[in-house]
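What's in model07.cif: mmCIF, C-alpha atoms
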```cif
data_structure
loop_
_atom_site.label_atom_id
_atom_site.label_comp_id
_atom_site.auth_asym_id
_atom_site.auth_seq_id
_atom_site.Cartn_x
_atom_site.Cartn_y
_atom_site.Cartn_z
CA MET A 1 31.25 75.06 12.25
CA LEU A 2 33.41 78.15 11.65
CA ARG A 3 36.95 78.09 12.96
CA TYR A 4 39.29 81.04 13.38
CA ARG A 5 41.09 79.90 10.21
CA ASP A 6 37.87 80.62 8.28
CA PHE A 7 38.32 84.25 9.34
CA PHE A 8 42.14 84.27 9.11
CA PRO A 9 42.99 81.70 6.38
CA ALA A 10 46.64 82.76 6.24
CA ALA A 11 47.17 83.01 9.96
CA ALA A 12 49.58 80.13 10.16
CA ASP A 13 51.57 81.16 7.07
CA LYS A 14 52.91 84.34 5.58
CA GLN A 15 50.09 86.68 4.71
CA THR A 16 51.49 87.05 1.26
CA ASN A 17 50.41 83.46 0.56
CA VAL A 18 46.88 84.74 0.17
CA GLY A 19 46.62 85.43 -3.54
CA PRO A 20 44.22 85.55 -6.42
CA GLY A 21 41.98 82.54 -6.69
CA LYS A 22 42.29 81.61 -3.05
CA GLY A 23 39.28 83.65 -1.96
CA ILE A 24 38.94 86.73 0.19
CA PRO A 25 39.22 86.19 3.96
CA LEU A 26 36.01 87.01 5.74
CA SER A 27 37.93 89.44 7.95
CA ASP A 28 38.80 91.58 4.91
CA ALA A 29 35.10 92.15 4.33
CA LEU A 30 34.69 93.56 7.84
CA PRO A 31 35.02 97.33 8.53
CA LEU A 32 36.67 96.60 11.89
CA ALA A 33 40.49 96.62 11.92
CA ILE A 34 41.74 93.13 12.85
CA LEU A 35 45.23 91.89 13.60
CA MET A 36 46.49 88.44 14.57
CA THR A 37 49.76 87.99 16.48
CA ASP A 38 51.74 85.12 17.92
CA GLN A 39 52.18 84.76 21.68
CA ASP A 40 55.05 87.31 21.60
CA GLY A 41 52.90 89.93 19.93
CA LYS A 42 54.43 89.67 16.45
CA CYS A 43 52.06 90.10 13.51
CA LEU A 44 50.95 86.97 11.64
CA TYR A 45 48.03 88.53 9.81
CA SER A 46 46.21 91.86 9.36
CA ASN A 47 43.03 92.60 7.48
CA VAL A 48 42.53 95.39 4.95
CA ALA A 49 40.80 97.65 7.48
CA TYR A 50 43.81 97.48 9.80
CA GLN A 51 46.22 98.18 6.95
CA LYS A 52 44.21 101.26 5.98
CA LEU A 53 44.07 102.35 9.62
CA CYS A 54 47.83 102.31 10.19
CA GLY A 55 48.94 102.99 6.61
CA TRP A 56 51.28 99.98 6.34
CA SER A 57 50.93 97.12 3.87
CA ALA A 58 50.35 93.48 4.80
CA ASP A 59 53.95 92.54 3.92
CA GLU A 60 55.36 95.38 6.02
CA LEU A 61 53.27 94.39 9.02
CA VAL A 62 54.03 90.64 9.03
CA GLY A 63 56.69 89.89 11.62
CA SER A 64 56.51 93.33 13.27
CA HIS A 65 55.38 93.76 16.85
CA TRP A 66 51.86 95.18 17.14
CA ALA A 67 53.18 97.99 19.38
CA ALA A 68 55.57 99.25 16.68
CA VAL A 69 52.85 101.61 15.40
CA ILE A 70 51.98 103.01 18.84
CA HIS A 71 52.97 106.65 19.35
CA PRO A 72 56.23 106.99 21.37
CA LEU A 73 54.45 108.90 24.15
CA ASP A 74 52.02 106.00 24.70
CA HIS A 75 54.31 103.10 23.77
CA ASP A 76 55.64 102.15 27.21
CA LYS A 77 52.25 102.42 28.88
CA ALA A 78 50.58 100.25 26.21
CA LEU A 79 53.31 97.60 26.50
CA ARG A 80 52.98 97.50 30.31
CA HIS A 81 49.25 96.85 29.95
CA TRP A 82 49.93 94.17 27.33
CA GLN A 83 52.49 92.34 29.46
CA ALA A 84 50.16 92.40 32.47
CA ALA A 85 47.36 90.92 30.33
CA VAL A 86 49.65 88.24 28.91
CA ARG A 87 50.85 87.20 32.35
CA GLY A 88 47.28 86.97 33.61
CA GLN A 89 45.96 85.54 30.33
CA THR A 90 43.17 88.11 30.48
CA PRO A 91 41.73 90.25 27.69
CA PHE A 92 43.80 93.30 26.80
CA LEU A 93 42.09 96.69 26.38
CA THR A 94 43.77 100.08 26.14
CA GLU A 95 43.41 103.48 24.52
CA ALA A 96 46.55 104.81 22.86
CA ARG A 97 47.66 107.06 20.05
CA LEU A 98 48.73 105.34 16.83
CA LYS A 99 51.28 106.92 14.50
CA ARG A 100 50.35 106.15 10.90
CA ALA A 101 52.89 105.55 8.13
CA ASN A 102 52.41 109.13 6.86
CA GLY A 103 53.12 110.60 10.30
CA GLU A 104 49.48 111.34 11.13
CA VAL A 105 48.50 110.58 14.73
CA ILE A 106 45.10 109.10 15.61
CA TRP A 107 43.58 107.82 18.82
CA THR A 108 42.66 104.11 18.95
CA ARG A 109 40.98 101.65 21.26
CA HIS A 110 42.91 98.37 21.13
CA ASN A 111 41.47 95.05 22.31
CA ALA A 112 43.21 91.66 22.25
CA ALA A 113 42.20 88.18 23.43
CA LEU A 114 43.51 84.63 23.20
CA LEU A 115 42.54 82.79 20.03
CA THR A 116 41.98 79.66 22.09
CA ASP A 117 40.97 79.79 25.73
CA ASN A 118 43.93 79.48 28.10
CA THR A 119 46.33 78.63 25.25
CA PRO A 120 48.71 81.57 24.63
CA ALA A 121 50.72 79.48 22.17
CA ASP A 122 47.89 79.82 19.65
CA GLY A 123 48.36 83.58 19.63
CA TYR A 124 46.04 86.53 19.98
CA VAL A 125 43.39 88.24 17.89
CA HIS A 126 43.34 92.05 18.11
CA THR A 127 40.64 94.53 17.17
CA VAL A 128 41.51 98.21 16.76
CA GLU A 129 39.03 101.09 16.53
CA ASP A 130 39.69 104.69 15.49
CA ILE A 131 38.33 106.82 18.36
CA THR A 132 39.86 110.15 17.31
CA THR A 133 36.47 111.80 16.95
CA TYR A 134 35.37 110.49 20.34
CA LYS A 135 38.55 111.86 21.93
CA ALA A 136 37.95 115.25 20.32
CA TYR A 137 34.47 115.33 21.86
CA GLU A 138 35.93 114.19 25.19
CA ARG A 139 38.49 117.03 25.14
CA ALA A 140 35.81 119.50 24.20
CA GLY A 141 33.67 118.23 27.07
CA LYS A 142 36.52 118.64 29.56
CA LYS A 143 37.22 122.14 28.27
CA ALA A 144 33.55 123.03 28.61
CA GLU A 145 33.56 121.62 32.15
CA GLU A 146 36.59 123.75 33.05
CA GLN A 147 34.96 126.85 31.54
CA LEU A 148 31.77 126.12 33.48
CA PHE A 149 33.76 125.79 36.71
CA GLU A 150 35.51 129.10 36.00
CA GLU A 151 32.18 130.80 35.31
CA LYS A 152 30.75 129.34 38.51
CA GLU A 153 33.74 130.57 40.50
CA ARG A 154 33.46 134.01 38.89
CA ALA A 155 29.75 134.18 39.73
CA GLN A 156 30.53 133.05 43.30
CA VAL A 157 33.14 135.79 43.71
CA THR A 158 30.78 138.39 42.25
CA LEU A 159 27.91 137.47 44.56
CA ASP A 160 30.25 137.39 47.55
CA SER A 161 31.55 140.86 46.68
CA ILE A 162 28.27 142.76 46.44
CA GLY A 163 26.84 144.70 49.36
CA ASP A 164 23.47 142.93 49.61
CA ALA A 165 22.68 139.53 51.04
CA VAL A 166 21.54 137.02 48.39
CA LEU A 167 19.62 133.84 49.20
CA SER A 168 17.86 131.50 46.76
CA THR A 169 15.41 128.61 47.12
CA ASP A 170 14.10 125.76 45.03
CA MET A 171 10.41 125.16 44.26
CA GLN A 172 9.95 123.34 47.57
CA GLY A 173 11.15 126.35 49.54
CA ARG A 174 14.51 124.80 50.51
CA VAL A 175 17.60 127.03 50.56
CA SER A 176 19.78 126.34 47.52
CA TYR A 177 22.33 129.17 47.80
CA MET A 178 23.43 132.04 50.00
CA ASN A 179 26.33 134.47 49.70
CA VAL A 180 28.73 135.71 52.37
CA VAL A 181 26.58 138.69 53.34
CA ALA A 182 23.56 136.43 53.82
CA GLU A 183 25.70 134.24 56.08
CA THR A 184 26.67 137.29 58.11
CA LEU A 185 23.13 138.62 58.53
CA THR A 186 21.36 135.29 59.22
CA GLY A 187 24.13 133.75 61.31
CA PHE A 188 23.98 130.52 59.26
CA SER A 189 26.86 129.30 57.14
CA ARG A 190 25.91 128.21 53.65
CA TYR A 191 26.83 124.63 54.55
CA GLU A 192 24.35 124.72 57.42
CA ALA A 193 21.65 126.44 55.40
CA ILE A 194 21.60 124.68 52.03
CA GLY A 195 18.83 122.10 51.91
CA ARG A 196 16.96 123.48 54.94
CA PRO A 197 13.51 125.10 54.74
CA LEU A 198 13.70 128.84 54.15
CA SER A 199 11.73 129.52 57.33
CA ASP A 200 14.54 127.94 59.39
CA VAL A 201 17.19 130.26 57.97
CA PHE A 202 15.30 133.40 56.97
CA ARG A 203 12.99 134.08 59.92
CA VAL A 204 11.21 137.39 59.34
CA VAL A 205 8.69 138.81 61.84
CA ASP A 206 6.66 141.97 62.24
CA ALA A 207 8.51 144.51 64.42
CA ASN A 208 5.39 145.27 66.47
CA THR A 209 3.56 141.96 66.80
CA HIS A 210 6.47 139.55 66.27
CA GLN A 211 4.15 137.51 64.07
CA SER A 212 5.79 135.76 61.11
CA LYS A 213 5.72 137.68 57.84
CA PRO A 214 4.52 135.92 54.65
CA ASP A 215 7.27 133.99 52.84
CA PRO A 216 8.52 136.37 50.08
CA ALA A 217 10.02 133.52 48.03
CA ARG A 218 6.71 131.65 47.93
CA ARG A 219 4.91 134.86 46.94
CA ALA A 220 7.38 135.49 44.10
CA ILE A 221 7.01 131.92 42.80
CA GLN A 222 3.22 131.96 42.95
CA SER A 223 2.89 135.37 41.30
CA ASP A 224 5.83 134.86 38.92
CA SER A 225 6.85 138.45 39.62
CA ILE A 226 9.12 140.55 41.81
CA VAL A 227 7.66 141.21 45.27
CA ALA A 228 8.84 143.47 48.10
CA LEU A 229 9.04 142.52 51.75
CA GLU A 230 6.31 144.10 53.82
CA SER A 231 7.46 147.14 55.79
CA ASN A 232 8.47 147.09 59.45
CA ALA A 233 10.16 143.68 59.16
CA LEU A 234 12.77 142.18 61.43
CA LEU A 235 15.15 139.35 60.57
CA VAL A 236 15.70 137.02 63.54
CA ALA A 237 19.26 135.72 63.24
CA LYS A 238 20.45 132.30 64.39
CA ASP A 239 21.62 133.71 67.75
CA GLY A 240 18.27 135.49 68.32
CA VAL A 241 19.52 138.97 67.43
CA GLU A 242 16.86 140.98 65.60
CA LEU A 243 17.85 143.10 62.63
CA ALA A 244 15.71 145.53 60.64
CA ILE A 245 15.95 144.59 56.96
CA GLU A 246 14.65 145.63 53.57
CA ASP A 247 14.34 143.12 50.76
CA SER A 248 12.70 141.93 47.59
CA ALA A 249 12.19 138.50 46.03
CA ALA A 250 12.03 137.45 42.39
CA PRO A 251 11.28 134.18 40.60
CA ILE A 252 14.13 132.21 39.00
CA HIS A 253 13.46 130.88 35.49
CA ASN A 254 15.29 128.13 33.62
CA ARG A 255 16.27 128.51 29.96
CA HIS A 256 12.78 127.41 28.93
CA GLY A 257 11.16 130.20 30.96
CA VAL A 258 9.80 127.85 33.62
CA VAL A 259 9.93 129.00 37.25
CA VAL A 260 12.36 126.79 39.18
CA GLY A 261 12.79 128.75 42.40
CA ALA A 262 13.19 132.23 43.86
CA VAL A 263 15.96 134.60 44.90
CA ILE A 264 15.74 136.97 47.86
CA VAL A 265 17.97 140.06 48.05
CA PHE A 266 18.05 141.90 51.39
CA HIS A 267 20.23 144.27 53.42
CA ASP A 268 20.54 145.78 56.87
CA ALA A 269 18.12 148.70 56.91
CA ARG A 270 20.14 150.38 59.66
CA PHE A 271 23.40 150.21 57.65
CA SER A 272 25.37 149.46 60.80
CA ARG A 273 29.01 150.50 60.91
CA GLU A 274 30.11 146.85 61.12
CA THR A 275 28.11 145.82 58.07
CA THR A 276 29.34 148.82 56.08
CA ALA A 277 32.92 147.91 56.92
CA ARG A 278 32.28 144.32 55.90
CA MET A 279 30.88 145.43 52.56
CA ALA A 280 33.88 147.65 51.95
CA HIS A 281 36.19 144.75 52.74
CA LEU A 282 34.36 142.39 50.36
CA ALA A 283 34.59 144.96 47.57
CA GLN A 284 38.38 145.10 47.92
CA HIS A 285 39.31 141.53 48.84
CA ASP A 286 39.17 138.00 47.44
CA ALA A 287 36.57 135.96 49.33
CA LEU A 288 38.62 132.73 49.39
CA THR A 289 42.10 133.94 50.37
CA GLY A 290 41.37 137.31 52.00
CA LEU A 291 43.97 138.92 49.71
CA HIS A 292 43.36 142.11 47.77
CA ASN A 293 41.45 141.60 44.53
CA ARG A 294 42.21 143.12 41.10
CA THR A 295 40.28 146.30 41.83
CA ALA A 296 42.25 146.95 44.99
CA PHE A 297 45.53 146.10 43.24
CA TYR A 298 45.09 148.79 40.59
CA GLU A 299 44.14 151.36 43.22
CA ARG A 300 47.17 150.53 45.38
CA PHE A 301 49.41 150.51 42.29
CA GLU A 302 48.48 154.11 41.51
CA GLN A 303 49.22 155.11 45.12
CA ALA A 304 52.58 153.31 45.11
CA LEU A 305 53.44 154.80 41.70
CA ALA A 306 52.86 158.35 42.97
CA LEU A 307 55.12 157.73 45.99
CA ALA A 308 57.86 156.09 43.90
CA GLN A 309 57.91 159.02 41.46
CA ARG A 310 57.89 161.58 44.26
CA HIS A 311 60.76 159.91 46.17
CA GLY A 312 62.76 158.75 43.13
CA LYS A 313 62.35 155.06 44.03
CA GLN A 314 61.77 151.89 42.01
CA MET A 315 58.95 149.35 42.34
CA GLY A 316 58.97 145.59 41.82
CA LEU A 317 56.11 143.49 40.47
CA LEU A 318 56.04 139.70 40.85
CA PHE A 319 53.63 137.62 38.76
CA ILE A 320 53.25 134.21 40.42
CA ASP A 321 51.60 131.08 39.02
CA LEU A 322 51.08 127.81 40.90
CA ASP A 323 52.38 125.01 38.65
CA ASP A 324 50.15 121.99 37.90
CA PHE A 325 47.28 123.34 40.04
CA LYS A 326 44.69 121.65 37.81
CA VAL A 327 46.35 118.27 38.47
CA ILE A 328 46.19 118.93 42.22
CA ASN A 329 42.51 119.92 41.93
CA ASP A 330 41.73 116.77 39.92
CA ASP A 331 43.63 114.48 42.32
CA LEU A 332 42.55 115.95 45.67
CA GLY A 333 39.32 117.80 44.80
CA HIS A 334 38.44 121.48 44.54
CA SER A 335 37.91 121.91 48.29
CA SER A 336 41.51 120.79 48.89
CA GLY A 337 42.61 123.13 46.12
CA ASP A 338 40.87 126.00 47.92
CA LEU A 339 42.70 125.11 51.15
CA MET A 340 45.99 125.13 49.26
CA LEU A 341 45.33 128.56 47.73
CA ALA A 342 44.43 129.96 51.15
CA ALA A 343 47.62 128.48 52.67
CA LEU A 344 49.73 129.88 49.83
CA ALA A 345 48.17 133.31 50.36
CA GLY A 346 49.28 133.22 53.99
CA LYS A 347 52.86 132.32 53.00
CA LEU A 348 52.97 135.15 50.44
CA LYS A 349 51.85 137.74 53.00
CA MET A 350 54.58 136.56 55.41
CA CYS A 351 57.26 137.23 52.77
CA VAL A 352 56.53 140.92 52.18
CA ARG A 353 56.33 144.18 54.09
CA THR A 354 53.10 145.68 55.36
CA THR A 355 53.51 148.45 52.79
CA ASP A 356 53.54 145.92 49.94
CA THR A 357 50.46 144.49 48.24
CA VAL A 358 49.63 140.81 47.67
CA CYS A 359 46.76 140.22 45.23
CA ARG A 360 44.95 137.11 44.03
CA TYR A 361 44.86 138.06 40.37
CA GLY A 362 42.69 135.14 39.29
CA GLY A 363 42.46 131.35 39.70
CA ASP A 364 45.94 130.17 40.74
CA GLU A 365 47.68 133.43 39.76
CA PHE A 366 48.95 135.95 42.30
CA VAL A 367 50.59 139.38 41.97
CA VAL A 368 52.92 140.98 44.52
CA LEU A 369 53.57 144.74 44.32
CA LEU A 370 56.75 145.86 46.11
CA SER A 371 56.56 149.59 46.72
CA GLU A 372 59.58 151.91 46.93
CA ILE A 373 62.56 149.59 46.51
CA ASN A 374 66.13 150.83 46.03
CA GLU A 375 67.29 148.31 43.43
CA PRO A 376 65.94 145.39 41.32
CA GLY A 377 67.81 142.91 43.50
CA HIS A 378 65.29 143.50 46.27
CA ALA A 379 62.49 142.13 44.07
CA PHE A 380 64.52 139.03 43.19
CA ALA A 381 65.37 138.54 46.87
CA VAL A 382 61.65 138.55 47.71
CA ALA A 383 61.07 136.01 44.91
CA ASP A 384 63.75 133.78 46.49
CA LYS A 385 62.13 134.21 49.90
CA ILE A 386 58.75 133.16 48.50
CA ARG A 387 60.26 130.14 46.79
CA GLU A 388 61.88 129.03 50.05
CA ALA A 389 58.65 129.63 52.00
CA VAL A 390 56.66 127.24 49.81
CA ALA A 391 59.42 124.64 49.51
CA THR A 392 58.27 122.83 52.65
CA PRO A 393 55.50 120.32 51.74
CA MET A 394 52.05 120.99 53.18
CA ILE A 395 49.51 118.49 54.44
CA ILE A 396 46.27 118.98 52.49
CA ALA A 397 43.35 116.58 53.01
CA GLY A 398 45.74 114.12 54.63
CA GLU A 399 48.09 114.22 51.64
CA GLU A 400 51.60 115.69 51.58
CA VAL A 401 51.69 118.24 48.76
CA ALA A 402 54.80 120.05 47.54
CA LEU A 403 54.16 123.31 45.70
CA GLN A 404 56.21 124.71 42.84
CA LEU A 405 55.81 128.28 41.66
CA SER A 406 56.75 130.02 38.43
CA ILE A 407 57.62 133.66 39.14
CA GLY A 408 58.10 136.49 36.66
CA VAL A 409 59.58 139.82 37.79
CA SER A 410 59.35 143.30 36.28
CA ILE A 411 60.77 146.56 37.62
CA PHE A 412 59.46 150.14 37.48
CA PRO A 413 60.54 152.18 35.58
CA GLU A 414 62.95 149.85 33.72
CA HIS A 415 60.24 147.63 32.23
CA GLY A 416 57.34 150.08 32.12
CA GLU A 417 55.57 152.89 33.89
CA THR A 418 52.01 151.60 33.94
CA ALA A 419 50.38 148.64 35.67
CA GLU A 420 49.49 147.11 32.30
CA GLU A 421 53.08 147.28 31.00
CA LEU A 422 54.60 145.85 34.16
CA LEU A 423 51.99 143.09 34.41
CA ARG A 424 52.57 142.10 30.79
CA LYS A 425 56.36 141.97 31.20
CA ALA A 426 56.11 140.01 34.45
CA ASP A 427 53.50 137.64 32.96
CA ASN A 428 55.76 136.93 29.96
CA ALA A 429 58.71 136.35 32.26
CA MET A 430 56.60 133.99 34.37
CA TYR A 431 55.76 131.88 31.31
CA ARG A 432 59.44 131.70 30.38
CA ALA A 433 60.17 130.61 33.93
CA LYS A 434 57.43 127.98 33.71
CA THR A 435 59.01 126.62 30.52
CA LEU A 436 62.40 126.42 32.22
CA ASN A 437 60.81 124.70 35.23
CA ARG A 438 59.62 121.98 32.87
CA GLN A 439 63.02 121.80 31.12
CA PRO A 440 65.58 122.35 33.89
CA ASP A 441 68.53 121.30 31.74
CA GLU A 442 67.92 124.17 29.33
CA ALA A 443 68.27 126.99 31.86
CA SER A 444 69.88 130.05 30.35
CA LEU A 445 72.68 131.83 32.20
CA ALA A 446 71.89 134.99 30.27
CA ALA A 447 68.26 135.37 31.37
CA PRO A 448 66.83 138.90 30.96
CA ALA A 449 66.31 141.06 34.02
CA ALA A 450 62.54 140.55 33.93
CA LEU A 451 62.86 136.77 34.14
CA TYR A 452 63.00 134.95 37.46
CA ARG A 453 63.35 131.19 37.46
CA PRO A 454 62.96 129.47 40.86
CA GLY A 455 65.14 126.54 41.79
#
```

For this file, write the structure as structure tokens.
Amino acid sequence: MLRYRDFFPAAADKQTNVGPGKGIPLSDALPLAILMTDQDGKCLYSNVAYQKLCGWSADELVGSHWAAVIHPLDHDKALRHWQAAVRGQTPFLTEARLKRANGEVIWTRHNAALLTDNTPADGYVHTVEDITTYKAYERAGKKAEEQLFEEKERAQVTLDSIGDAVLSTDMQGRVSYMNVVAETLTGFSRYEAIGRPLSDVFRVVDANTHQSKPDPARRAIQSDSIVALESNALLVAKDGVELAIEDSAAPIHNRHGVVVGAVIVFHDARFSRETTARMAHLAQHDALTGLHNRTAFYERFEQALALAQRHGKQMGLLFIDLDDFKVINDDLGHSSGDLMLAALAGKLKMCVRTTDTVCRYGGDEFVVLLSEINEPGHAFAVADKIREAVATPMIIAGEEVALQLSIGVSIFPEHGETAEELLRKADNAMYRAKTLNRQPDEASLAAPAALYRPG
């Protein structure tokens, strides 16, 4: 019968007692890093694989605490987990960075268990695995997930900004997507429509007979080609209002070329004044917050620039970033993050004049253009006003959330005469402000004019 001393023959003595002629411990033949400690966590024995992993020799390890090699940033957390496991006499498992003797940092998965059941006095056996490669793949996966989310959001904004209604279905004819214009024309919100049969949401009848028209999505799927809606068609909206429309449908293919659904693109054939105004608004505004988008910002900048030059005035540009927004999204969910961005947009608009422009520049970044100001101090005063406006915690999804902003300020013409120059200066100042927000004790009293640091 094998005992733990067959694996760790020097466990009860100094490891250096294992010498030539006394045999090689079985544990030294294993590729898995193994460590044995007493009940206080001090090393009694380590195998060759563990010594290679951490870069320390057997003699150097004996008597040291197992956590001595843990990276300082993970040290306290690993020890807290260890102490909790010791108190409960349960297996210990954690992932932590290990700092090797040569300074190299690797990720490890560390497991420890009692050598003898319910007898801490006999010590613990630890196994340590190098999971650096796994962590690299994990980080790459998270980055890919973030990029995919950004692409999805960009596609959502694009589809919500075009003038036509867009509606897609799966192979079973159930609605899988619709944009803002489709919501407007059908009377159904996307939350109501998604998952319902197309005929419930997209009711199209002949203008003369009021008989149902053939399903264009089904025709596109069956023919695997683009098809046009038959002429003289009326869309019957949710409230019963009939609207003359023109449309076409096309099959949707996956990356293997297989048809997986259909997309219908349609518009109001009468081009009503209300619909035209709605399209114009969507082209100039962010769908989530209602603020001006980038296109509108550049147009309004040119208008404000012409006025400032004509009247000999200055302009202020504030580049605003919401700190730790990704953490908020991860903790509360993206829907709560959307609510927070919309609430922040409302606070920003309340802090400026009607002649100023507030723009959602992208993601959690906002730009405020202050037209025709008399002195740079006005821009910094607005930055202070914004900081105070967001200082009060908000209730989002039942949670109290306090926002912190990093704000960079640039002034026309002092820091540039084009939108690109002023945006670049303000963006750089914002990043310096963000750094100071994270290191409040290092605030500089000689900050440049383009730098605004809240708080």

- For the file shown, report as JSON, numbers by chain the outcome of the PyMOL selection byres ((chain A and resi 419-427) around 7) at residue level. {"A": [301, 317, 318, 319, 408, 409, 410, 415, 416, 417, 418, 428, 429, 430, 431, 450]}

- Pick out the residues sitting within 12 Å of A:Ala67, and hand them over as an MDAnalysis selection string; count all atoms listed in the file, and ignore anything fewer than 4 positions along from it in its own chain. chainID A and resid 35 37 40:43 54 61 63 71:83 94 96:99 110 126 128

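If you measure from each of A:His267, A:Lys238, A:Lys135, A:Arg190 to A:Ile106 using only C-alpha atoms, the closest one turns out to be A:Lys135.
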
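Shortest separation to A:Asp122 among A:Met178, A:Asp38, A:Met171, A:Gly103 occurs at residue A:Asp38, atoms counted being only C-alpha atoms.
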
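Distance annotation: of A:Asn437, A:Phe266, A:Ala58, A:Leu115, the residue with the minimal separation from A:Ala165 is A:Phe266; atom set is all atoms listed in the file.
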
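Run against this file, the PyMOL selection byres ((chain A and resi 392) around 12) gives back Leu344, Lys347, Ile386, Arg387, Glu388, Ala389, Val390, Ala391, Pro393, Met394, Ile395, Glu400, Val401, Ala402, Leu403 and Gln404 of chain A.
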
Restricting it to C-alpha atoms, dump the selection as a compact mmCIF listing (two decimals), keeping the file's coordinate frame.
```txt
# COMPACT_ATOMS: atom_id res chain seq x y z
CA LEU A 344 49.73 129.88 49.83
CA LYS A 347 52.86 132.32 53.00
CA ILE A 386 58.75 133.16 48.50
CA ARG A 387 60.26 130.14 46.79
CA GLU A 388 61.88 129.03 50.05
CA ALA A 389 58.65 129.63 52.00
CA VAL A 390 56.66 127.24 49.81
CA ALA A 391 59.42 124.64 49.51
CA PRO A 393 55.50 120.32 51.74
CA MET A 394 52.05 120.99 53.18
CA ILE A 395 49.51 118.49 54.44
CA GLU A 400 51.60 115.69 51.58
CA VAL A 401 51.69 118.24 48.76
CA ALA A 402 54.80 120.05 47.54
CA LEU A 403 54.16 123.31 45.70
CA GLN A 404 56.21 124.71 42.84
```

- For A:Gln39, the closest of A:Gln89, A:Asn293, A:Ser406, A:Asn232 counting all atoms listed in the file is A:Gln89

- Message: Given only C-alpha atoms as the basis, pick out the residue of A:Thr127, A:Glu246, A:Val358, A:Val86 nearest to A:Asn47.
- Response: A:Thr127

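Using the PyMOL selection byres ((chain A and resi 265) around 10) on this structure selects Asp164, Ala165, Val166, Leu167, Ser168, Met178, Ala182, Ala228, Leu229, Glu246, Asp247, Ser248, Ala249, Ala250, Val263, Ile264, Phe266 and His267 of chain A.
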
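Among the candidates A:Thr355, A:Ser189, A:Thr289, A:Ser27, the residue lying nearest to A:Gly337 is A:Thr289 (atoms considered: only C-alpha atoms).
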
Please report, as JSON, the centre and edge lengths in Å to one decimal of an axis-aligned box covering all listed atoms of stretch 212-217 of chain A with 3 Å per side.
```
{"center_x": 7.3, "center_y": 135.6, "center_z": 54.6, "size_x": 11.5, "size_y": 10.2, "size_z": 19.1}
```

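The protein and nucleic acid residues lying at most 12 Å from A:Asp239 are Thr184, Leu185, Thr186, Gly187, Phe188, Val201 and Arg203 of chain A, with all atoms listed in the file considered and sequence neighbours fewer than 6 positions away removed.
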
- Suppose you want the space between atom CA of A:Ala280 and atom CA of A:Glu299; what is it in Å? 14.0 Å

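Between atom CA of A:Met340 and atom CA of A:Cys359 the separation is 15.6 Å.
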